[in-house]
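J.: My questions all concern the structure below.
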Amino acid sequence: MTTRFESIALSILFVLGSATMNFANTLVEQLITGYESIQSVSCEVRRDADSGGTQVRALSRVFFQKPDKLHVDNVTPLPRRIVSDGTTFFSYVEGDPKGYSRPISKLETDMLISLRKVPATAMDHLMRMRGMAETNLPPTSTFPVRKGYDTGKMFAVLSLDTSNRLARIEMFTSSDLKQAIAKIDYSNFIEAAPGIWLAGLHQSIMWMGGNESKETTRFDHLSINKPIAQNMFKAALYFSNIDFVPSFDQMYPQGSTK
Amino acid sequence: MAQRFIEPPCRLTKRIPGILSGVLFSFFSLFASATETDLAEQLFQEGNWPVCLQESQRVLCQSPYNETALLLHTLASLRSSPTNINGNLSALISLTRNSHHPEIRAVAANEAAWILARQDRMQEAWRLAEQAFLGSTSTPVFRSSGALLLEIMARHPKMAAPSDTTRLQIETCAPLLANAPIPPRSLDPLPQKTSLLAMPGQWIVFFYRNAIRPALGARCSLKPHCSEYFLLASRQHPLLAIPMIADRLVREPSVVSAGQHALQENGTTVYEDPVENHDFWMTSRP
Amino acid sequence: MTTLSLKDIFSRVAGLTFTLYPLLSSLGSDVTLPETQFAQKLSDEGNHPAAAVEFRRLAITSTSTCTRASFHWAAAYEYGLANNTSLSEKMLDQAENDNPDITTEALLLRGKNAMTTRNWNEAAFYFQGLTQGTTQPVSRLASRSLAVTRLHQRNVSGARESLALSKDDEQEGFQAIDNYARGSDKNPRIGGLLGMIPGLGYAYSGEYQNAARSLILNSLFIFGMVDTADKNLWGPFAVISFFEVTWYSGSIYGGIDAAHRYNQDRLENCASEITKGGQITPDYSQLPILRLQYKF
């Protein structure tokens with residue numbers, strides 16, 4: 001026979017548990033939770049963007065380690081290095097008079113998402129859809145699981161393929177799914193852990209103002225949950241004699257045209 | 001209003017506006033039987049007109065009634081050579097009337113409209129552009145034909161009067177149409193825009209090629225030939241073209257005697273000496 | 001009626017298998033489609049753009065993604081030979097989209113394209129990724145190419161480090177780098193300044209024949225200018241002056257460019273010592289299986 005205290009405690013636990021279960025039951029949460037098993041990733045990233053006939057290629061090496069450690073070496077088009085040691089975020093473009101630096105706790109939301117997203121995943125989009133109500137959508141032969149999320153500004157659709165991998169994210173202007181804004185296809189999957197997949201190829205198309213923009217991102221030499229030297233995240237080793245400021249406005253002298 | 005689309009007829013033959021690559025891309029997605037023309041379409045999008053012409057001709061040999069191939073063949077022919085404009089125009093107009101696919105009719109109508117506008121046949125141009133504007137589901141064709149209609153309306157307001165619905169639509173879309181990206185597809189492989197500083201060089205080359213070379217014969221052993229080298233240099237580095245050609249003329253015997261990068265051209269041996277080998281240091285990359 | 005023993009059956013089946021095996025195995029790889037032969041023929045004739053188009057046609061008509069990828073890679077290779085790097089890159093995009101396992105072959109070609117367009121940072125990125133975790137011929141080729149790229153980036157120590165990544169004996173390459181480091185480049189500014197004395201700019205960079213020609217031409221036209229000015233023949237003076245300005249400006253420009261050519265030749269000589277003509281060539285007879293031959 002339980003005591004009154006135990007009854008109350010169990011009731012509270014039950015209520016909390018059901019709320020958590022509801023929240024955790026969305027596909028977005030399931031996917032994000034799955035990525036928690038990934039502690040570190042290193043890879044090479046090749047990104048080709050084509051917008052209005054202008055093509056840009058970005059090449060970089062990425063080293064990611066939880067919590068909040070990141071080292072990005074951008075080779076082209078701008079030689080830029082980003083280092084985050086878990087406490088402070090540093091970014092510097094070679095040749096610039098100053099770099100940018102801020103404590104991680106004070107980073108803007110977008111930068112925080114970029115810092116915390118697991119490379120080769122759709123985590124940046126998933127994190128923006130967190131906490132939103134989920135709608136079931138009719139399945140297709142290619143995508144047996146489809147879920148919709150109304151973000152207020154647009155309606156996002158997540159599609160899993162027959163192997164239960166996130167294969168597509170689509171964005172529409174509204175829930176009638178008539179006018180598409182963007183589509184991102186994920187492929188070339190690598191299984192990081194049972195049921196947890198990273199996509200080595202991301203292909204996105206965006207339609208805005210009558211123009212179409214495409215971007216293809218490839219992840220090579222993916223190494224998951226392997227050790228990364230901690231010196232990779234020590235900013236002082238990579239930025240010598242560089243002043244860092246906490247805002248982009250302060251990076252360039254007044255009157256600079258850059 | 002910017003009058004950048006319709007030019008005096010005497011300068012129009014080389015500036016036939018391109019069908020934007022997006023047109024054919026979206027247009028092919030509508031038809032399941034487009035596989036045999038996929039390569040021709042890709043070549044068209046890349047601007048490789050001669051090979052696109054061959055490829056579409058090959059498809060037509062196997063499938064003479066393939067309207068997509070016929071359209072590509074006509075468009076590639078227009079861009080490859082300006083000599084058969086009227087023949088190609090007839091082919092386009094025939095497609096606007098007889099094609100079974102509405103999008104092919106619209107694309108053909110848009111192209112034909114632009115050609116007619118350049119020939120100052122505005123009434124016919126208006127009719128075809130209107131057909132393309134109202135009939136196409138493709139955004140690039142919509143914008144291209146709409147831009148032409150807008151231009152014609154500006155010059156001949158009365159022409160739009162019987163088509164009030166079209167006029168209203170054009171006026172509503174005017175901001176979108178005014179910025180329509182219509183890439184001019186030059187038939188000249190060299191860049192069209194020439195700076196003022198480069199023009200004297202071009203006149204010199206023109207004089208040399210027409211007055212002097214016929215008497216002396218083609219003597220240059222390098223590729224590109226010296227006059228071509230001068231033209232290329234004057235386009236890329238207008239002020240430096242003269243010292244560059246002088247340097248080349250001084251170097252020529254040394255390049256020939258070194259014997260490197262030899263090619264056979266029309267039975268004679270020439271040696272590669274491109275402009276890029278002598279200006280890379282001006283635009284060096286990290 | 002004779003009954004066959006197990007031994008007889010086995011020997012007959014074995015005999016049949018050994019007879020059929022060469023035929024069966026050839027169906028997978030050694031049989032070359034007529035269209036592939038045609039594309040190869042065009043390539044052998046030096047008509048690389050046409051060969052590329054044929055490979056593209058083969059790719060488009062292929063139903064298997066791996067086959068498509070191989071043909072797209074071949075088209076990319078041919079476009080590379082035709083110096084059309086933008087189309088080569090486009091074909092490599094198609095190849096990698098179709099078959100992600102083709103990454104190594106694609107990166108090798110992308111590195112080569114980047115070197116053709118003098119995109120040294122990009123080339124270094126591709127080759128650096130190939131120096132580790134790949135087969136020995138690939139890592140050898142990549143490390144040598146990376147060393148050459150580092151030289152173009154004026155990073156001699158980086159070139160040595162890159163060559164050290166090769167698992168092969170690279171004594172000649174190290175020797176070439178050392179020789180290169182011991183030598184010195186010509187200064188284009190000095191070449192230009194010296195070029196103000198007709199022919200001296202060329203002579204500074206060792207182009208003595210060019211120097212002599214430049215000196216003779218300038219001397220003749222300067223003499224002509226002086227002579228026509230003395231005789232008050234201003235019309236001919238103007239014409240001769242125009243040509244003399246041409247030759248003189250050519251002498252200054254030639255001095256600068258000759259120094260750059262000298263430096264470029266020095267670097268290219270070192271590069272050829274490092275790479276020793278190493279290159280990749282596809283074995284078209286194996287298509288649609290993509291096999292590369294590494295020649296060193």
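Residue numbers start at 1 in each chain; chains themselves are named A, B, ... in the order of the structure tokens; ligands are numbered from 1 in the order shown.
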Please check the contacts: residues of chain B at most 10 Å away from chain C, using only C-alpha atoms, listed as a ChimeraX atom specification.
T.: /B:35-40,42-43,46,51,55,240-254,277-281,284-286
J.: If you count only C-alpha atoms, which residues fall within 9 Å of Gly34 of chain A, apart from same-chain ones fewer than 6 positions away, as a PyMOL selection string?
T.: chain A and resi 193+195-197
J.: Using only C-alpha atoms, please write the residues we just selected to a file, as a short mmCIF file (atom, residue, chain, number, x, y, z; two decimals), in the first residue's frame.
T.:
```cif
data_model
loop_
_atom_site.label_atom_id
_atom_site.label_comp_id
_atom_site.auth_asym_id
_atom_site.auth_seq_id
_atom_site.Cartn_x
_atom_site.Cartn_y
_atom_site.Cartn_z
CA ALA A 193 24.34 4.15 -34.87
CA GLY A 195 18.63 3.72 -36.77
CA ILE A 196 20.60 6.98 -36.72
CA TRP A 197 21.58 8.22 -40.16
#
```
J.: Taking only C-alpha atoms into account, which residues of chain C are within 10 Å of chain A, as a list in words?
T.: Asp93, Glu96, Asn97, Asp98, Asn99, Pro100, Asp101, Thr103, Thr104, Asn119, Asn121, Glu122, Ala124, Phe125, Tyr126, Gly129, Leu130, Gln132 and Gly133 of chain C
J.: Please write the residues from the selection above to a file, keeping N, CA and C atoms, as an mmCIF file, in the first residue's frame.
T.:
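After the write, result_21.cif holds the following:
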```cif
data_model
loop_
_atom_site.group_PDB
_atom_site.id
_atom_site.type_symbol
_atom_site.label_atom_id
_atom_site.label_comp_id
_atom_site.auth_asym_id
_atom_site.auth_seq_id
_atom_site.Cartn_x
_atom_site.Cartn_y
_atom_site.Cartn_z
ATOM 1 N N ASP C 93 29.667 16.501 -61.025
ATOM 2 C CA ASP C 93 28.518 16.629 -60.119
ATOM 3 C C ASP C 93 27.508 15.513 -60.403
ATOM 4 N N GLU C 96 28.874 12.122 -59.199
ATOM 5 C CA GLU C 96 28.829 11.939 -57.738
ATOM 6 C C GLU C 96 27.404 11.829 -57.226
ATOM 7 N N ASN C 97 26.474 12.525 -57.886
ATOM 8 C CA ASN C 97 25.080 12.396 -57.469
ATOM 9 C C ASN C 97 24.567 10.974 -57.723
ATOM 10 N N ASP C 98 25.033 10.394 -58.839
ATOM 11 C CA ASP C 98 24.558 9.051 -59.193
ATOM 12 C C ASP C 98 25.200 7.985 -58.326
ATOM 13 N N ASN C 99 26.467 8.133 -58.049
ATOM 14 C CA ASN C 99 27.182 7.087 -57.320
ATOM 15 C C ASN C 99 28.171 7.713 -56.342
ATOM 16 N N PRO C 100 27.793 7.818 -55.076
ATOM 17 C CA PRO C 100 28.687 8.458 -54.098
ATOM 18 C C PRO C 100 30.015 7.731 -53.938
ATOM 19 N N ASP C 101 30.070 6.445 -54.325
ATOM 20 C CA ASP C 101 31.311 5.694 -54.148
ATOM 21 C C ASP C 101 32.392 6.122 -55.123
ATOM 22 N N THR C 103 33.693 8.955 -55.274
ATOM 23 C CA THR C 103 34.280 10.188 -54.718
ATOM 24 C C THR C 103 35.768 10.308 -54.999
ATOM 25 N N THR C 104 36.531 9.240 -54.794
ATOM 26 C CA THR C 104 37.990 9.331 -54.982
ATOM 27 C C THR C 104 38.327 9.721 -56.410
ATOM 28 N N ASN C 119 43.409 27.408 -59.499
ATOM 29 C CA ASN C 119 42.718 27.574 -58.234
ATOM 30 C C ASN C 119 43.468 26.750 -57.194
ATOM 31 N N ASN C 121 44.143 26.941 -53.920
ATOM 32 C CA ASN C 121 43.530 26.568 -52.638
ATOM 33 C C ASN C 121 42.585 25.394 -52.809
ATOM 34 N N GLU C 122 41.815 25.478 -53.868
ATOM 35 C CA GLU C 122 40.845 24.414 -54.118
ATOM 36 C C GLU C 122 41.570 23.098 -54.436
ATOM 37 N N ALA C 124 44.510 22.196 -53.527
ATOM 38 C CA ALA C 124 45.137 21.670 -52.303
ATOM 39 C C ALA C 124 44.101 20.955 -51.437
ATOM 40 N N PHE C 125 42.916 21.520 -51.376
ATOM 41 C CA PHE C 125 41.848 20.902 -50.576
ATOM 42 C C PHE C 125 41.565 19.484 -51.064
ATOM 43 N N TYR C 126 41.406 19.356 -52.385
ATOM 44 C CA TYR C 126 41.062 18.044 -52.929
ATOM 45 C C TYR C 126 42.198 17.043 -52.722
ATOM 46 N N GLY C 129 42.860 15.760 -49.088
ATOM 47 C CA GLY C 129 41.926 14.744 -48.638
ATOM 48 C C GLY C 129 42.233 13.362 -49.185
ATOM 49 N N LEU C 130 43.004 13.319 -50.284
ATOM 50 C CA LEU C 130 43.274 12.028 -50.921
ATOM 51 C C LEU C 130 44.597 11.415 -50.480
ATOM 52 N N GLN C 132 45.420 10.533 -47.521
ATOM 53 C CA GLN C 132 45.255 9.563 -46.440
ATOM 54 C C GLN C 132 44.029 8.700 -46.703
ATOM 55 N N GLY C 133 44.126 7.468 -46.285
ATOM 56 C CA GLY C 133 42.962 6.589 -46.376
ATOM 57 C C GLY C 133 42.616 6.142 -47.777
#
```
J.: Go ahead and compute the interatomic distance for atom CA of His237 of chain B and atom CA of Tyr208 of chain B, in Å to one decimal.
T.: 20.2 Å
J.: Choose the residue, out of A:Met208, A:Ile228, A:Ile32, A:Ala167, that has the smallest atom-to-atom separation from chain B; count only C-alpha atoms.
T.: A:Met208
J.: If I take atom CA of Cys270 of chain C and atom CA of Ala203 of chain C, how far is one from the other in Å, to one decimal?
T.: 22.5 Å
J.: Find the residues around Val83 of chain A up to 6 Å (only C-alpha atoms counted), leave out those fewer than 3 positions away in its own chain, and share them as JSON, numbers by chain.
T.: {"A": [70, 71, 90, 233, 235]}
J.: Those residues with N, CA and C atoms, as a short mmCIF file (atom, residue, chain, number, x, y, z; two decimals), in the first residue's frame please?
T.:
```cif
data_model
loop_
_atom_site.label_atom_id
_atom_site.label_comp_id
_atom_site.auth_asym_id
_atom_site.auth_seq_id
_atom_site.Cartn_x
_atom_site.Cartn_y
_atom_site.Cartn_z
N LEU A 70 33.74 23.38 -31.78
CA LEU A 70 33.68 23.37 -33.24
C LEU A 70 34.96 23.98 -33.80
N HIS A 71 35.43 23.40 -34.90
CA HIS A 71 36.54 24.00 -35.63
C HIS A 71 36.21 23.87 -37.11
N PHE A 90 34.87 31.97 -31.70
CA PHE A 90 35.78 32.87 -32.42
C PHE A 90 35.62 32.64 -33.92
N PHE A 233 40.47 22.69 -30.64
CA PHE A 233 39.48 23.66 -30.17
C PHE A 233 40.08 24.75 -29.29
N ALA A 235 41.52 28.14 -29.35
CA ALA A 235 41.55 29.25 -30.29
C ALA A 235 42.92 29.92 -30.35
#
```
